[in-house]
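Here's the structure we're looking at; comments come further down.
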Amino acid sequence: MTPPSLHGLRFAFGTLSVLPVQVSRWDRETARGGMLCAPLVGVVLGCGAALVALLLLFLGAGPLLAAVAGAAVPAVLTRGLHLDGLADTADGLGSGKPAEDALRIMKQSDIGPFGVITLVFVLLAQVAALARLYDDSWARGALATVVSAVAARLALTLAARTGVPAARPEGLGAAVAGVVPLRGAVAVALAVTVVAATAGALLGTYDIARTALAVLAALAAAELLLRHCTRRFGGITGDVFGGLAETAATTALVVLSLG
């Protein structure tokens, strides 16, 4: 029989990436393990994006194309799942309609003007920040690419904590809402922050604080969006999870590009 921890890993990679992982269990216990393992998905996706970006730099493509790769590869490796969620969340929030109508708007397959505008500015911010970082040094760019991807998935771990309800009775949001104990979510957040700060130490003393701050700022921005969405929609959905991930990733990149 497959160990529960392995089921959780399969759940994490099977739901948060396009990697060919078979999810054999879909119960609450497996979802809990999966959401606790979500930052590991960020490590894999971030490393993949950094490798492509560094290859482009090595071939002489320049920091701008490296930055585009750093933003595009995670999108490809998730089939644009989080970006789509961000756009749908923006449309739901921007509609100004009651929760039921807003959720119906978010479930539609098309993207409205609020979603388009949000996608454009978020992707521009990500590419601009990464271009600045890769222009500084390949190491800073690569580290930021990985840290932002991990912070994005860490935001999902915290959003799946106990006490955060689902807005709908079905879908990914309902499957993972409230599955992670608060202590577990905080423990994972602290561990990720410490590891990120340790990685920042490889670049210099100042980068220890900057990298830790980037993770904490990413979580704070995602938390603000989570609370707003919970008030507006009555809980979280799969789209909200996508919006949280992209918000956290963008915030981390902006903080890391400062200074």
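Every chain in the structure tokens has a letter given in the order shown (A, B, ...), and although residue numbers restart at 1 in each chain, ligands are simply numbered from 1 in the order shown.
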
TODO: Give the alpha helix (DSSP H) residues of region 71-110 of chain A, as assigned by DSSP on the backbone, as a PyMOL selection string.
DONE: chain A and resi 71-76+81-95+99-107

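Nearest to Ala185 (chain A) of all the residues A:Ala159, A:Leu202, A:Leu6, A:Leu45 is A:Ala159, based on only C-alpha atoms.
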
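If you measure from each of A:Val41, A:Ala201, A:Val73, A:Leu143 to Gly14 (chain A) using only C-alpha atoms, the closest one turns out to be A:Val41.
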
Task: Using only C-alpha atoms: which of A:Ala245, A:Ala221, A:Leu64, A:Val255 has the shortest distance to Ala155 (chain A) - done: A:Ala245

TODO: Pick out the closest residue to Asp110 (chain A) from this set: A:Asp91, A:Leu226, A:Ala197, A:Glu29. Count only C-alpha atoms.
DONE: A:Asp91

TODO: Tell me, as a list in words, which residues lie within 10 Å of Met35 (chain A), counting only C-alpha atoms; anything in the same chain fewer than 4 positions away does not count.
DONE: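 Once the adjacent positions are removed, what remains is Gly8, Leu9, Phe11, Ala12, Phe13, Thr15, Leu16, Thr30, Ala31, Pro39, Leu40, Val41, Arg153, Leu154, Ala155, Leu156, Thr157, Leu158, Ala159, Ala160, Arg161, Val176, Ala177, Val179, Val180 and Ala185 of chain A.
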
Task: Nearest to Thr237 (chain A) by atom-to-atom distance, counting only C-alpha atoms, from A:Ala189, A:Ala249, A:Val147, A:Ala174 - done: A:Ala174

Task: Separation of CA of Ala152 (chain A) from CA of Gly42 (chain A) in Å - done: 7.2 Å

Please identify all polymer residues within 12 Å of region 120-122 of chain A, counting only C-alpha atoms, omitting same-chain residues fewer than 5 positions from it, and present them as a short mmCIF file (atom, residue, chain, number, x, y, z; two decimals) with N, CA and C atoms, in the first residue's frame.
data_model
loop_
_atom_site.label_atom_id
_atom_site.label_comp_id
_atom_site.auth_asym_id
_atom_site.auth_seq_id
_atom_site.Cartn_x
_atom_site.Cartn_y
_atom_site.Cartn_z
N ALA A 71 8.88 33.74 -16.05
CA ALA A 71 7.45 33.89 -15.81
C ALA A 71 6.63 32.89 -16.60
N HIS A 82 -3.11 28.88 -12.50
CA HIS A 82 -3.15 29.97 -11.53
C HIS A 82 -3.46 31.30 -12.19
N LEU A 83 -2.94 31.51 -13.39
CA LEU A 83 -3.24 32.75 -14.11
C LEU A 83 -4.72 32.82 -14.46
N LEU A 86 -6.53 33.70 -11.34
CA LEU A 86 -6.36 35.13 -11.05
C LEU A 86 -7.33 35.97 -11.87
N ALA A 87 -7.42 35.66 -13.15
CA ALA A 87 -8.31 36.42 -14.03
C ALA A 87 -9.77 36.25 -13.61
N ALA A 90 -10.42 38.19 -10.44
CA ALA A 90 -10.52 39.63 -10.72
C ALA A 90 -11.88 39.97 -11.32
N PRO A 113 -13.13 42.02 -18.80
CA PRO A 113 -12.15 43.11 -18.84
C PRO A 113 -11.30 43.20 -17.57
N PHE A 114 -11.89 42.96 -16.39
CA PHE A 114 -11.11 43.02 -15.17
C PHE A 114 -10.03 41.94 -15.16
N GLY A 115 -10.39 40.76 -15.66
CA GLY A 115 -9.43 39.68 -15.72
C GLY A 115 -8.29 39.97 -16.67
N VAL A 127 7.64 40.08 -15.14
CA VAL A 127 8.73 40.13 -16.11
C VAL A 127 9.67 41.29 -15.80
N ALA A 128 9.12 42.44 -15.43
CA ALA A 128 9.96 43.60 -15.12
C ALA A 128 10.85 43.33 -13.92
N ALA A 129 10.29 42.72 -12.89
CA ALA A 129 11.07 42.41 -11.70
C ALA A 129 12.16 41.39 -12.01
N GLY A 243 -5.56 32.94 -7.79
CA GLY A 243 -5.30 34.35 -7.56
C GLY A 243 -4.32 34.58 -6.42
N ALA A 245 -1.94 32.48 -5.46
CA ALA A 245 -0.61 32.06 -5.89
C ALA A 245 0.08 33.14 -6.72
N GLU A 246 -0.64 33.70 -7.69
CA GLU A 246 -0.03 34.73 -8.53
C GLU A 246 0.24 36.02 -7.76
N THR A 247 -0.63 36.34 -6.83
CA THR A 247 -0.41 37.53 -5.99
C THR A 247 0.85 37.36 -5.15
N ALA A 248 1.01 36.19 -4.54
CA ALA A 248 2.19 35.92 -3.72
C ALA A 248 3.46 35.93 -4.56
N ALA A 249 3.42 35.30 -5.71
CA ALA A 249 4.60 35.24 -6.58
C ALA A 249 5.03 36.64 -7.02
N THR A 250 4.07 37.44 -7.43
CA THR A 250 4.37 38.81 -7.91
C THR A 250 4.93 39.67 -6.79
N THR A 251 4.33 39.58 -5.61
CA THR A 251 4.80 40.35 -4.48
C THR A 251 6.23 39.99 -4.11
N LEU A 253 8.55 38.75 -6.04
CA LEU A 253 9.47 39.23 -7.07
C LEU A 253 9.71 40.73 -6.95
N VAL A 254 8.65 41.48 -6.68
CA VAL A 254 8.81 42.93 -6.54
C VAL A 254 9.71 43.27 -5.36
#

- [ ] Just the residues within 8 Å of Val215 (chain A), please, counting only C-alpha atoms, with nothing from its chain fewer than 6 positions along; format it as a list in words.
- [x]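 What passes the distance filter is Val147, Ser148, Ala151, Thr193, Ala196 and Ala252 of chain A.
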
Those selected residues, please, written with N, CA and C atoms and delivered as a compact mmCIF listing (two decimals), in the first residue's frame.
# COMPACT_ATOMS: atom_id res chain seq x y z
N VAL A 147 12.30 31.26 -5.39
CA VAL A 147 11.63 31.75 -4.18
C VAL A 147 10.20 32.18 -4.47
N SER A 148 9.99 32.86 -5.58
CA SER A 148 8.63 33.32 -5.91
C SER A 148 7.70 32.14 -6.18
N ALA A 151 6.95 30.61 -2.74
CA ALA A 151 6.06 31.48 -1.98
C ALA A 151 4.63 31.39 -2.50
N THR A 193 10.39 30.03 5.14
CA THR A 193 11.04 31.34 5.32
C THR A 193 12.50 31.18 5.74
N ALA A 196 14.50 29.88 2.76
CA ALA A 196 14.68 30.95 1.78
C ALA A 196 15.75 31.93 2.24
N ALA A 252 6.53 38.68 -4.09
CA ALA A 252 7.88 38.23 -3.77
C ALA A 252 8.89 38.77 -4.76

Task: For Phe233 (chain A), the nearest of the candidates A:Val186, A:Val76, A:Ala102, A:Leu57, counting only C-alpha atoms - done: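 Smallest distance to Phe233 (chain A) is found for A:Ala102.
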